[in-house]
file my_file_29.pdb (PDB, C-alpha atoms, pLDDT in the B column)
ATOM      1  CA  MET Q 720       0.288  27.113 -26.434  1.00 75.00           C
ATOM      2  CA  VAL Q 721      -2.071  24.162 -26.000  1.00 90.00           C
ATOM      3  CA  GLU Q 722      -1.525  23.389 -29.702  1.00 92.00           C
ATOM      4  CA  GLU Q 723       1.675  21.451 -28.949  1.00 95.00           C
ATOM      5  CA  PHE Q 724      -0.429  18.838 -27.106  1.00 97.00           C
ATOM      6  CA  ILE Q 725      -2.797  18.290 -30.063  1.00 96.00           C
ATOM      7  CA  GLY Q 726      -2.528  14.798 -31.555  1.00 97.00           C
ATOM      8  CA  THR Q 727      -2.475  11.164 -30.498  1.00 97.00           C
ATOM      9  CA  TRP Q 728      -0.067   9.947 -27.828  1.00 98.00           C
ATOM     10  CA  LYS Q 729       0.747   6.305 -26.975  1.00 97.00           C
ATOM     11  CA  ILE Q 730       1.874   5.400 -23.464  1.00 96.00           C
ATOM     12  CA  THR Q 731       5.431   4.046 -23.314  1.00 97.00           C
ATOM     13  CA  ALA Q 732       6.243   4.128 -19.588  1.00 97.00           C
ATOM     14  CA  SER Q 733       4.379   4.284 -16.297  1.00 96.00           C
ATOM     15  CA  GLU Q 734       6.094   4.657 -12.926  1.00 97.00           C
ATOM     16  CA  ASN Q 735       4.407   4.309  -9.511  1.00 97.00           C
ATOM     17  CA  PHE Q 736       0.877   4.436 -10.996  1.00 97.00           C
ATOM     18  CA  ASP Q 737      -0.480   1.745  -8.654  1.00 96.00           C
ATOM     19  CA  GLU Q 738       0.635   3.747  -5.600  1.00 97.00           C
ATOM     20  CA  TYR Q 739      -0.924   6.893  -7.077  1.00 98.00           C
ATOM     21  CA  MET Q 740      -4.252   5.091  -7.641  1.00 97.00           C
ATOM     22  CA  LYS Q 741      -4.100   3.765  -4.043  1.00 97.00           C
ATOM     23  CA  ALA Q 742      -3.591   7.325  -2.783  1.00 97.00           C
ATOM     24  CA  LEU Q 743      -6.676   8.401  -4.766  1.00 97.00           C
ATOM     25  CA  GLY Q 744      -8.669   5.661  -3.034  1.00 96.00           C
ATOM     26  CA  VAL Q 745      -9.102   3.436  -6.109  1.00 95.00           C
ATOM     27  CA  GLY Q 746     -10.121  -0.129  -5.205  1.00 94.00           C
ATOM     28  CA  PHE Q 747      -8.021  -3.229  -5.920  1.00 95.00           C
ATOM     29  CA  ALA Q 748      -9.934  -4.558  -8.952  1.00 91.00           C
ATOM     30  CA  THR Q 749     -10.031  -1.169 -10.694  1.00 90.00           C
ATOM     31  CA  ARG Q 750      -6.314  -0.664  -9.963  1.00 93.00           C
ATOM     32  CA  GLN Q 751      -5.509  -4.029 -11.557  1.00 92.00           C
ATOM     33  CA  MET Q 752      -7.373  -3.002 -14.717  1.00 89.00           C
ATOM     34  CA  GLY Q 753      -5.783   0.452 -14.621  1.00 88.00           C
ATOM     35  CA  ASN Q 754      -2.302  -1.046 -14.370  1.00 88.00           C
ATOM     36  CA  MET Q 755      -2.912  -3.366 -17.340  1.00 90.00           C
ATOM     37  CA  ALA Q 756      -4.442  -0.672 -19.560  1.00 88.00           C
ATOM     38  CA  LYS Q 757      -2.120   0.966 -22.068  1.00 91.00           C
ATOM     39  CA  PRO Q 758      -4.121   4.072 -22.941  1.00 92.00           C
ATOM     40  CA  ASN Q 759      -3.680   6.373 -25.883  1.00 95.00           C
ATOM     41  CA  LEU Q 760      -4.266  10.056 -25.175  1.00 97.00           C
ATOM     42  CA  LEU Q 761      -5.923  12.106 -27.912  1.00 97.00           C
ATOM     43  CA  PHE Q 762      -5.957  15.888 -27.674  1.00 97.00           C
ATOM     44  CA  SER Q 763      -7.991  18.009 -30.082  1.00 97.00           C
ATOM     45  CA  LEU Q 764      -9.235  21.579 -30.255  1.00 95.00           C
ATOM     46  CA  ASP Q 765     -12.643  22.668 -31.543  1.00 88.00           C
ATOM     47  CA  ASP Q 766     -13.937  26.251 -31.293  1.00 86.00           C
ATOM     48  CA  GLY Q 767     -11.875  27.002 -28.193  1.00 84.00           C
ATOM     49  CA  LEU Q 768     -12.959  23.781 -26.460  1.00 95.00           C
ATOM     50  CA  ILE Q 769     -10.141  21.347 -25.690  1.00 97.00           C
ATOM     51  CA  SER Q 770     -10.906  17.633 -25.817  1.00 97.00           C
ATOM     52  CA  MET Q 771      -8.772  15.058 -23.996  1.00 97.00           C
ATOM     53  CA  LYS Q 772      -9.730  11.469 -24.711  1.00 96.00           C
ATOM     54  CA  SER Q 773      -8.112   8.470 -23.017  1.00 94.00           C
ATOM     55  CA  GLN Q 774      -8.667   5.261 -24.996  1.00 93.00           C
ATOM     56  CA  SER Q 775      -7.815   1.733 -23.886  1.00 89.00           C
ATOM     57  CA  THR Q 776      -9.293  -1.727 -24.113  1.00 84.00           C
ATOM     58  CA  PHE Q 777     -10.413  -1.262 -20.470  1.00 79.00           C
ATOM     59  CA  LYS Q 778     -12.190   2.083 -20.749  1.00 86.00           C
ATOM     60  CA  THR Q 779     -12.506   5.176 -22.898  1.00 91.00           C
ATOM     61  CA  THR Q 780     -13.135   8.538 -21.288  1.00 92.00           C
ATOM     62  CA  GLU Q 781     -13.402  11.983 -22.816  1.00 94.00           C
ATOM     63  CA  THR Q 782     -13.142  15.332 -21.074  1.00 95.00           C
ATOM     64  CA  LYS Q 783     -13.973  18.593 -22.846  1.00 96.00           C
ATOM     65  CA  PHE Q 784     -12.954  21.853 -21.220  1.00 97.00           C
ATOM     66  CA  LYS Q 785     -11.940  25.482 -21.518  1.00 96.00           C
ATOM     67  CA  LEU Q 786      -8.812  26.696 -19.790  1.00 96.00           C
ATOM     68  CA  ASN Q 787      -9.302  28.292 -16.358  1.00 97.00           C
ATOM     69  CA  GLU Q 788     -13.000  27.284 -16.109  1.00 97.00           C
ATOM     70  CA  GLU Q 789     -14.040  24.890 -13.346  1.00 98.00           C
ATOM     71  CA  PHE Q 790     -16.352  22.052 -14.386  1.00 98.00           C
ATOM     72  CA  ASP Q 791     -17.844  18.843 -12.985  1.00 97.00           C
ATOM     73  CA  GLU Q 792     -15.886  15.753 -14.038  1.00 96.00           C
ATOM     74  CA  THR Q 793     -16.568  12.066 -13.497  1.00 94.00           C
ATOM     75  CA  THR Q 794     -13.158  10.413 -13.610  1.00 92.00           C
ATOM     76  CA  ALA Q 795     -12.270   7.010 -15.083  1.00 89.00           C
ATOM     77  CA  ASP Q 796     -12.369   5.586 -11.526  1.00 90.00           C
ATOM     78  CA  ASP Q 797     -15.790   7.204 -10.911  1.00 91.00           C
ATOM     79  CA  ARG Q 798     -14.773  10.077  -8.634  1.00 95.00           C
ATOM     80  CA  LYS Q 799     -16.985  13.167  -8.952  1.00 97.00           C
ATOM     81  CA  THR Q 800     -14.579  16.091  -9.048  1.00 98.00           C
ATOM     82  CA  LYS Q 801     -14.494  19.843  -9.533  1.00 98.00           C
ATOM     83  CA  THR Q 802     -11.793  20.132 -12.181  1.00 98.00           C
ATOM     84  CA  THR Q 803      -9.840  23.039 -13.635  1.00 98.00           C
ATOM     85  CA  PHE Q 804      -7.241  23.033 -16.420  1.00 98.00           C
ATOM     86  CA  ALA Q 805      -4.713  25.851 -16.842  1.00 97.00           C
ATOM     87  CA  LEU Q 806      -1.529  26.515 -18.783  1.00 96.00           C
ATOM     88  CA  GLU Q 807       1.292  27.235 -16.348  1.00 96.00           C
ATOM     89  CA  ASN Q 808       4.880  27.657 -17.590  1.00 95.00           C
ATOM     90  CA  GLY Q 809       4.193  25.550 -20.693  1.00 94.00           C
ATOM     91  CA  LYS Q 810       2.509  22.790 -18.668  1.00 97.00           C
ATOM     92  CA  LEU Q 811      -1.136  21.779 -18.967  1.00 98.00           C
ATOM     93  CA  VAL Q 812      -2.095  21.585 -15.284  1.00 98.00           C
ATOM     94  CA  GLN Q 813      -5.239  19.710 -14.223  1.00 98.00           C
ATOM     95  CA  LYS Q 814      -6.496  20.157 -10.655  1.00 98.00           C
ATOM     96  CA  GLN Q 815      -9.203  17.856  -9.300  1.00 98.00           C
ATOM     97  CA  LEU Q 816     -11.022  18.523  -6.016  1.00 98.00           C
ATOM     98  CA  TRP Q 817     -13.410  16.075  -4.303  1.00 97.00           C
ATOM     99  CA  ASP Q 818     -14.464  15.140  -0.763  1.00 97.00           C
ATOM    100  CA  GLY Q 819     -11.912  17.526   0.782  1.00 96.00           C
ATOM    101  CA  LYS Q 820      -9.101  15.950  -1.267  1.00 97.00           C
ATOM    102  CA  SER Q 821      -7.128  17.186  -4.262  1.00 98.00           C
ATOM    103  CA  THR Q 822      -4.770  15.878  -6.919  1.00 98.00           C
ATOM    104  CA  ILE Q 823      -2.736  17.639  -9.577  1.00 98.00           C
ATOM    105  CA  LEU Q 824      -1.851  16.207 -12.990  1.00 98.00           C
ATOM    106  CA  GLU Q 825       0.778  18.156 -14.921  1.00 98.00           C
ATOM    107  CA  ARG Q 826       1.317  17.369 -18.592  1.00 98.00           C
ATOM    108  CA  GLU Q 827       4.249  18.802 -20.479  1.00 98.00           C
ATOM    109  CA  ILE Q 828       6.188  18.183 -23.671  1.00 97.00           C
ATOM    110  CA  LYS Q 829       9.807  17.162 -22.979  1.00 97.00           C
ATOM    111  CA  ASP Q 830      12.136  16.093 -25.787  1.00 96.00           C
ATOM    112  CA  GLY Q 831       9.130  15.478 -28.042  1.00 96.00           C
ATOM    113  CA  LYS Q 832       7.394  13.244 -25.473  1.00 98.00           C
ATOM    114  CA  LEU Q 833       4.328  14.003 -23.379  1.00 98.00           C
ATOM    115  CA  VAL Q 834       5.191  13.545 -19.704  1.00 98.00           C
ATOM    116  CA  ALA Q 835       2.310  13.373 -17.209  1.00 98.00           C
ATOM    117  CA  THR Q 836       3.226  13.865 -13.546  1.00 98.00           C
ATOM    118  CA  CYS Q 837       0.397  12.826 -11.228  1.00 98.00           C
ATOM    119  CA  THR Q 838       0.626  13.983  -7.595  1.00 98.00           C
ATOM    120  CA  MET Q 839      -1.612  13.049  -4.655  1.00 98.00           C
ATOM    121  CA  ASP Q 840      -0.248  14.180  -1.294  1.00 96.00           C
ATOM    122  CA  ASP Q 841       3.329  12.813  -1.246  1.00 97.00           C
ATOM    123  CA  VAL Q 842       2.751  10.142  -3.926  1.00 98.00           C
ATOM    124  CA  VAL Q 843       4.021  10.932  -7.417  1.00 98.00           C
ATOM    125  CA  SER Q 844       3.519   8.903 -10.587  1.00 98.00           C
ATOM    126  CA  VAL Q 845       5.115   9.709 -13.944  1.00 98.00           C
ATOM    127  CA  ARG Q 846       3.604   8.438 -17.196  1.00 98.00           C
ATOM    128  CA  THR Q 847       5.344   9.000 -20.527  1.00 98.00           C
ATOM    129  CA  TYR Q 848       3.724   9.065 -23.958  1.00 98.00           C
ATOM    130  CA  GLU Q 849       5.149   9.270 -27.478  1.00 98.00           C
ATOM    131  CA  ARG Q 850       3.383  10.966 -30.352  1.00 97.00           C
ATOM    132  CA  GLU Q 851       1.904   8.554 -32.896  1.00 93.00           C
ATOM    133  CA  ALA Q 852       2.732   9.238 -36.538  1.00 74.00           C
TER
END

call {"tool": "encode", "arguments": {"input": "my_file_29.pdb", "output": "structure tokens"}}
result
Amino acid sequence: MVEEFIGTWKITASENFDEYMKALGVGFATRQMGNMAKPNLLFSLDDGLISMKSQSTFKTTETKFKLNEEFDETTADDRKTKTTFALENGKLVQKQLWDGKSTILEREIKDGKLVATCTMDDVVSVRTYEREA
């Protein structure tokens, strides 16, 4: 099921991302850079290990994981999280836990686009990506 995510995705829309970063506790300067960045998302699969790479002129990060296995992640904004990815109802769901806080990032394919819904408490951001040819 994760195969539908494999490929390169270019961001085309981002709604409420600054508020989401604020809710995470991201500082002003990093938020400014995060808002200007137009990242590509690259998903690949190698021997059962899923790789998710976010590339932009600001920063490139790569996370490698197996579904349903918790791991230590250092996020693009330098949070140290306990992270788990799972497939739930066709969505790739990423849960991050740190310092008594949690956020959920749900990625799904809708009408051929990758839609990422990022939720922290009552703040929701939606980022949309289109597959690159």

call {"tool": "resolve_selection", "arguments": {"input": "my_file_29.pdb", "expression": "the PyMOL selection byres ((chain Q and resi 793-809) around 8)", "output": "PyMOL selection string"}}
result
chain Q and resi 720-721+745+749+778+780+784-792+810-817+827

call {"tool": "write_last_selection", "arguments": {"input": "my_file_29.pdb", "atoms": "C-alpha atoms", "output": "PDB file, keeping the file's coordinate frame"}}
result
ATOM      1  CA  MET Q 720       0.288  27.113 -26.434  1.00 75.00           C
ATOM      2  CA  VAL Q 721      -2.071  24.162 -26.000  1.00 90.00           C
ATOM      3  CA  VAL Q 745      -9.102   3.436  -6.109  1.00 95.00           C
ATOM      4  CA  THR Q 749     -10.031  -1.169 -10.694  1.00 90.00           C
ATOM      5  CA  LYS Q 778     -12.190   2.083 -20.749  1.00 86.00           C
ATOM      6  CA  THR Q 780     -13.135   8.538 -21.288  1.00 92.00           C
ATOM      7  CA  PHE Q 784     -12.954  21.853 -21.220  1.00 97.00           C
ATOM      8  CA  LYS Q 785     -11.940  25.482 -21.518  1.00 96.00           C
ATOM      9  CA  LEU Q 786      -8.812  26.696 -19.790  1.00 96.00           C
ATOM     10  CA  ASN Q 787      -9.302  28.292 -16.358  1.00 97.00           C
ATOM     11  CA  GLU Q 788     -13.000  27.284 -16.109  1.00 97.00           C
ATOM     12  CA  GLU Q 789     -14.040  24.890 -13.346  1.00 98.00           C
ATOM     13  CA  PHE Q 790     -16.352  22.052 -14.386  1.00 98.00           C
ATOM     14  CA  ASP Q 791     -17.844  18.843 -12.985  1.00 97.00           C
ATOM     15  CA  GLU Q 792     -15.886  15.753 -14.038  1.00 96.00           C
ATOM     16  CA  LYS Q 810       2.509  22.790 -18.668  1.00 97.00           C
ATOM     17  CA  LEU Q 811      -1.136  21.779 -18.967  1.00 98.00           C
ATOM     18  CA  VAL Q 812      -2.095  21.585 -15.284  1.00 98.00           C
ATOM     19  CA  GLN Q 813      -5.239  19.710 -14.223  1.00 98.00           C
ATOM     20  CA  LYS Q 814      -6.496  20.157 -10.655  1.00 98.00           C
ATOM     21  CA  GLN Q 815      -9.203  17.856  -9.300  1.00 98.00           C
ATOM     22  CA  LEU Q 816     -11.022  18.523  -6.016  1.00 98.00           C
ATOM     23  CA  TRP Q 817     -13.410  16.075  -4.303  1.00 97.00           C
ATOM     24  CA  GLU Q 827       4.249  18.802 -20.479  1.00 98.00           C
TER      25      GLU Q 827
END

call {"tool": "resolve_selection", "arguments": {"input": "my_file_29.pdb", "expression": "the PyMOL selection byres ((chain Q and resi 761-767) around 8)", "output": "list in words"}}
result
Glu722, Phe724, Ile725, Gly726, Thr727, Trp728, Asn759, Leu760, Leu768, Ile769, Ser770, Met771, Lys772, Ser773, Gln774 and Lys785 of chain Q

call {"tool": "residues_near_point", "arguments": {"input": "my_file_29.pdb", "point": "(-5.7, 3.1, -4.4)", "cutoff": "12 Å", "atoms": "only C-alpha atoms", "output": "NGL selection string"}}
result
:Q and (735-751 or 753-754 or 796 or 839 or 842)

call {"tool": "atom_distance", "arguments": {"input": "my_file_29.pdb", "atom1": "CA of Glu825 in chain Q", "atom2": "CA of Met755 in chain Q"}}
result
22.0 Å

call {"tool": "resolve_selection", "arguments": {"input": "my_file_29.pdb", "expression": "the PyMOL selection byres ((chain Q and resi 850) around 8)", "output": "ChimeraX atom specification"}}
result
/Q:726-729,831-833,848-849,851-852

call {"tool": "write_last_selection", "arguments": {"input": "my_file_29.pdb", "atoms": "C-alpha atoms", "output": "CSV table (one decimal), in the coordinates of the input"}}
result
chain,number,residue,atom,x,y,z
Q,726,GLY,CA,-2.5,14.8,-31.6
Q,727,THR,CA,-2.5,11.2,-30.5
Q,728,TRP,CA,-0.1,9.9,-27.8
Q,729,LYS,CA,0.7,6.3,-27.0
Q,831,GLY,CA,9.1,15.5,-28.0
Q,832,LYS,CA,7.4,13.2,-25.5
Q,833,LEU,CA,4.3,14.0,-23.4
Q,848,TYR,CA,3.7,9.1,-24.0
Q,849,GLU,CA,5.1,9.3,-27.5
Q,851,GLU,CA,1.9,8.6,-32.9
Q,852,ALA,CA,2.7,9.2,-36.5

call {"tool": "atom_distance", "arguments": {"input": "my_file_29.pdb", "atom1": "CA of Ser733 in chain Q", "atom2": "CA of Val843 in chain Q"}}
result
11.1 Å

call {"tool": "closest_residue", "arguments": {"input": "my_file_29.pdb", "among": "Q:Ser844, Q:Thr731, Q:Thr836, Q:Ser821", "to": "Lys757 in chain Q", "atoms": "all atoms listed in the file"}}
result
Q:Thr731

call {"tool": "atom_distance", "arguments": {"input": "my_file_29.pdb", "atom1": "CA of Thr779 in chain Q", "atom2": "CA of Ile828 in chain Q"}}
result
22.8 Å

call {"tool": "axis_aligned_box", "arguments": {"input": "my_file_29.pdb", "around": "range 722-737 of chain Q", "padding_each_side": "8 Å", "output": "JSON"}}
result
{"center_x": 1.7, "center_y": 12.6, "center_z": -20.1, "size_x": 25.0, "size_y": 37.6, "size_z": 38.9}
